[in-house]
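Structure, as structure tokens:
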Amino acid sequence: MRQLLRTSHVSVRFAGLCALDDVGLELGHGEILGLIGPNGAGKTTLLNVLSGFQRPTTGEVELDGRRITGWDAPRRARAGISRTFQDVRLFPHMTVLENCEAAVVGGGGTWATARDRANRALGWFDLDGSAGVLARDLPYGVERRVGMARALCARPRVLLLDEPAAGLNDDESSAMARTVRRIHEEIGCGIIVIEHDVRVILGLCDRVHVLDHGVTLRVGSPDEIRTDPEVVSAYLGAEAME
Amino acid sequence: MTSPRTPVLERGVLARGAPALARTAPAVICALLVLAVSGLALIGSETTQRTATQMLVMGVITVGTYIFVGNSGVLSFGHVVFVAVGAYATALTTIPRDLKQALLPALPGWLAELELGLPAALLISGLLSVLVAGAFALLTLRLDGMAAGIASLALLISVNVVISNWDAVTRGSQGIVGIPADLTVGATVPWLIGAIAVAMAYQLSRSGFRLRTSREDPVAAAALGVRIRRDRSIALVISAFVCGVGGGLYARFLGALTPGDVYLQLTLLTLLMLIVGGIRSLSGAVVGTLFISVLAELLRRIEAGGELGPIELHPHPGVQQLILALTLLLTLLLRPGGITSGRELGLSPPGWIGGRRRAPRTGPAVDEPEADEPEADEPEADEPEADEPEADEPEADEPEADEPAAHSNSAP
């Protein structure tokens, strides 16, 4: 599989704390990669490194073989790396439609393209009826769907999802997992997804990358990960033993 | 995302309704409001007309400030710098030649000889302010929030020090006198309407939209590709141009210009108007200007004492400042978004009066369609636009120069 996005020897240190240590992550074209690990393992930091919000202390980031380590977030977004946030971060005083249009216009696209893609994305996420609602008036679950719709409007080559199912109930979580799967089928972008719900991750991903204390613990297929004793003891714990 | 099961949804598009009209409606309504108030003032006494002229000039300055502050969400105490540059530029280029040579013998020859009409002088004022904005941008656009506000205040103070001491050009704290104080209501209205048009055009542009996303959430905006500093610079340049024009008008309104005229008091008045009106919308800038101007004038009359209709009033010195300060305080406490609370005056009144509050739905996925959506808060343009709608600056308007209203300045 050709590598779409990769990091090599990435380390991030904050004032003595080592958030990431020599992490090499690879995402293939059209692959869904799960990123799991206990709290504080450095998952979000790694996502920030990939999306340009965190400059690595050492190491490189490459997109399609091109070094992008020094690129800031807007430049990476324009190059096709799109992300969502754990706390969604919609534009509160803008409508759902405007939030989606922002993904196109923000990257330099035209109004016509923006309107077209936003309307498609809203239809896709069953958000048609909410197009004119201000983002701050949305219920939580809907908010998360808008967040993903917005990320999609940018037509990403790489989609980075930071806990898309956080705070959702079981039904909503599996709906979210189906949506991610569908996005993947529709636009064929590479996806990296951070998720706490192990069942969601194991059912969704082609490969899983396990982080623990800033270090790569294992990389492998969901089956390998599920049965790996070290992963089980470090992270999955009692839940997976059942 | 090209799934056949996702028909392009028309509702969102239709909600924007007859696009051209709906999108520019706020500007049209603001302009009509300005015309209505100005028309009323024309019936009034000479003092009333003078107050109205001042209101219109303040309108140009607040709308100019709004273009940057409103769209970017970055508070600026420095926009009066652009007003000051514009005011002095217009003063120095429109004072009659003989008077100027007597007042300012040290001026360079070409400037001493220069005597321009108002439109040309205002154009130069705007352009000079744009140059200053360039320096301003280099110095402060990296900063956000509090730091940006304080840095802009530092710039204001620096520029004031320069103006106060550059005797050869500004006559320092003595000030410049003899500026033709011939500004009338009729001659000022077109400039304010022009400013509103420029502000609306920027607001509808893609750059304006991007800047508002960064106002809402800079991190999310950056993640979508918004280069915040670039769009801030564009807004600052346009904003500075309009403020520079406003400054030129202000000089022509005052007739005499000292460094104190374009300093803290004017800064506070501008911010008072913006905050009370609603700093996040163009309508807020216009409504705030009208509201505070009318209030200040009423208070000034109360302060001065005399008869107000059937009521006999004793003089109450200080009432005006006190009530204006209280107005600001009460706005911040009770309605922090200002009168308009970020909304634009639109075609459907309930849309901005009642707010767009909707009970959050907790049901499953699909929300009910809302066909009655009042027009979008900040309507968008259909076609891609040039990033710099600077081209359509206020159309030049010949000054109607036969009304030398040289009253004492009734600045609030």
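By convention in this document, the chains of the structure tokens carry letters A, B, ... by their order, each chain's residues are numbered from 1, and ligands are numbered from 1 in the order they are shown.
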*Once you count only C-alpha atoms, which residues of chain A turn out to be within 6 Å of chain B? Could you give them as number ranges by chain?*
A: 73-74, 77-78, 91, 103, 106-107, 110-111, 119-120, 123-124, 126, 129-131, 137-139, 186-187
Can I get the selection written as a tab-separated table (two decimals), in the first residue's frame, with N, CA and C atoms?
chain	number	residue	atom	x	y	z
A	73	ALA	N	-1.18	25.07	9.93
A	73	ALA	CA	-2.46	24.38	9.79
A	73	ALA	C	-3.23	24.79	8.53
A	74	PRO	N	-3.35	26.10	8.23
A	74	PRO	CA	-4.10	26.46	7.03
A	74	PRO	C	-3.51	25.86	5.76
A	77	ALA	N	-4.42	22.28	5.56
A	77	ALA	CA	-5.83	22.14	5.22
A	77	ALA	C	-6.00	22.30	3.71
A	78	ARG	N	-5.32	23.30	3.17
A	78	ARG	CA	-5.43	23.54	1.73
A	78	ARG	C	-4.82	22.41	0.92
A	91	PHE	N	-18.72	27.08	14.40
A	91	PHE	CA	-18.78	28.54	14.52
A	91	PHE	C	-20.15	28.90	15.08
A	103	ALA	N	-15.85	25.53	5.10
A	103	ALA	CA	-14.79	24.57	4.79
A	103	ALA	C	-14.28	24.75	3.36
A	106	GLY	N	-13.07	28.85	3.24
A	106	GLY	CA	-11.88	28.97	4.10
A	106	GLY	C	-10.62	28.55	3.37
A	107	GLY	N	-10.74	27.54	2.52
A	107	GLY	CA	-9.58	27.06	1.79
A	107	GLY	C	-9.41	27.75	0.44
A	110	THR	N	-14.77	28.83	-4.21
A	110	THR	CA	-15.76	29.84	-4.57
A	110	THR	C	-17.07	29.60	-3.83
A	111	TRP	N	-17.94	30.61	-3.85
A	111	TRP	CA	-19.25	30.49	-3.22
A	111	TRP	C	-20.07	29.38	-3.86
A	119	ASN	N	-24.55	21.79	0.59
A	119	ASN	CA	-25.88	21.21	0.47
A	119	ASN	C	-25.82	19.69	0.34
A	120	ARG	N	-24.85	19.20	-0.43
A	120	ARG	CA	-24.69	17.76	-0.55
A	120	ARG	C	-24.37	17.14	0.81
A	123	GLY	N	-27.33	16.99	3.11
A	123	GLY	CA	-28.25	15.92	2.73
A	123	GLY	C	-27.71	14.58	3.21
A	124	TRP	N	-26.46	14.43	3.08
A	124	TRP	CA	-25.77	13.22	3.41
A	124	TRP	C	-25.85	12.86	4.88
A	126	ASP	N	-28.21	13.92	6.89
A	126	ASP	CA	-29.58	14.15	7.37
A	126	ASP	C	-29.70	15.45	8.12
A	129	GLY	N	-32.81	19.79	7.34
A	129	GLY	CA	-33.74	20.65	8.07
A	129	GLY	C	-33.04	21.63	8.98
A	130	SER	N	-31.78	21.38	9.28
A	130	SER	CA	-31.07	22.25	10.21
A	130	SER	C	-30.23	23.29	9.49
A	131	ALA	N	-30.30	23.33	8.16
A	131	ALA	CA	-29.39	24.20	7.40
A	131	ALA	C	-29.36	25.62	7.92
A	137	ASP	N	-27.33	26.68	18.66
A	137	ASP	CA	-28.63	26.18	19.09
A	137	ASP	C	-28.79	24.68	18.86
A	138	LEU	N	-27.74	24.02	18.39
A	138	LEU	CA	-27.87	22.61	18.05
A	138	LEU	C	-27.70	21.72	19.28
A	139	PRO	N	-28.46	20.63	19.32
A	139	PRO	CA	-28.19	19.64	20.35
A	139	PRO	C	-26.85	18.95	20.08
A	186	GLU	N	-17.56	6.51	0.00
A	186	GLU	CA	-17.97	7.54	-0.96
A	186	GLU	C	-16.78	8.30	-1.53
A	187	ILE	N	-15.92	8.78	-0.67
A	187	ILE	CA	-14.87	9.66	-1.19
A	187	ILE	C	-13.49	9.05	-1.12
_Let's see if you can do this: from backbone DSSP, list all helix (DSSP H, G or I) residues in region 67-236 of chain A, as number ranges by chain._
A: 73-78, 96-105, 111-124, 128-130, 135-137, 140-153, 170-187, 198-204, 222-227, 229-236
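When only C-alpha atoms are used to compute distances to Ile225 (chain A), the closest of the residues A:Gly34, A:Gly16, A:Gly65, A:Gly28 turns out to be A:Gly34.
Residues in contact with region 43-57 of chain A at 8 Å, where only C-alpha atoms are counted and same-chain residues fewer than 6 positions away are skipped, are listed as Thr7, Val10, Ser11, Val12, Arg13, Ala19, Leu20, Leu35, Ile36, Gly37, Thr69, Gly70, Trp71, Asp72, Ala73, Arg76, Ala77, Ile81, Ser82, Arg83, Leu160, Asp162, Ile194 and Leu211 of chain A; Ala223 of chain B.
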*asked:* I'd like to know which of A:Asp206, A:Asp22, A:Asp64, A:Glu230 is closest to Ile191 (chain A), using only C-alpha atoms.
replied: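 Under the stated criterion, the closest residue is A:Asp206.
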_Rounded to one decimal, what separation in Å do you get between CA of Asp228 (chain A) and CA of Glu195 (chain A)?_
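It comes out at 18.5 Å.
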_Non-local contacts of Asn39 (chain A) (9 Å; only C-alpha atoms; under 3 positions in same chain excluded) as number ranges by chain_ = A: 42-43, 212-213
Go ahead and save the picked residues with N, CA and C atoms, as a PDB file, in the first residue's frame.
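selection-v2.pdb, freshly written:
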ATOM      1  N   GLY A  42      -1.113  10.455  24.191  1.00  0.00           N
ATOM      2  CA  GLY A  42      -0.565  11.316  23.146  1.00  0.00           C
ATOM      3  C   GLY A  42      -1.316  11.252  21.831  1.00  0.00           C
ATOM      4  N   LYS A  43      -2.546  10.717  21.862  1.00  0.00           N
ATOM      5  CA  LYS A  43      -3.304  10.567  20.620  1.00  0.00           C
ATOM      6  C   LYS A  43      -3.633  11.918  19.996  1.00  0.00           C
ATOM      7  N   ASP A 212       0.923   4.318  23.923  1.00  0.00           N
ATOM      8  CA  ASP A 212       0.881   4.284  25.382  1.00  0.00           C
ATOM      9  C   ASP A 212       2.013   5.155  25.904  1.00  0.00           C
ATOM     10  N   HIS A 213       1.681   6.147  26.698  1.00  0.00           N
ATOM     11  CA  HIS A 213       2.680   7.073  27.228  1.00  0.00           C
ATOM     12  C   HIS A 213       3.562   7.661  26.146  1.00  0.00           C
TER      13      HIS A 213
END
*Pick out the residues sitting within 7 Å of Ser125 (chain B), and hand them over as an MDAnalysis selection string; count only C-alpha atoms, and ignore anything fewer than 3 positions along from it in its own chain.*
chainID B and resid 85:86 89:90 121:122 128:129 244:245 248
Let me see the file: selected residues, C-alpha atoms, as a PDB file, in the first residue's frame.
ATOM      1  CA  VAL B  85      -4.269  60.817   9.690  1.00  0.00           C
ATOM      2  CA  GLY B  86      -7.297  61.489   7.515  1.00  0.00           C
ATOM      3  CA  ALA B  89      -4.487  65.183   5.559  1.00  0.00           C
ATOM      4  CA  THR B  90      -7.773  66.847   4.647  1.00  0.00           C
ATOM      5  CA  ALA B 121      -8.766  65.555  -0.243  1.00  0.00           C
ATOM      6  CA  LEU B 122     -10.825  62.728   1.239  1.00  0.00           C
ATOM      7  CA  LEU B 128      -2.654  57.884   3.605  1.00  0.00           C
ATOM      8  CA  SER B 129      -4.559  56.000   6.270  1.00  0.00           C
ATOM      9  CA  GLY B 244      -9.417  58.073   6.896  1.00  0.00           C
ATOM     10  CA  VAL B 245     -12.289  59.457   4.846  1.00  0.00           C
ATOM     11  CA  GLY B 248     -11.264  64.113   6.640  1.00  0.00           C
TER      12      GLY B 248
END
*Show which residues sit within 12 Å of Leu32 (chain B), as a list in words. Count only C-alpha atoms, and ignore same-chain residues fewer than 5 positions away.*
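Answer for this query is Ala25, Pro26, Ala27, Val37, Ser38, Gly39, Val189, Pro190, Leu192, Ile193, Ile196, Ser283, Val286, Val287 and Leu345 of chain B.
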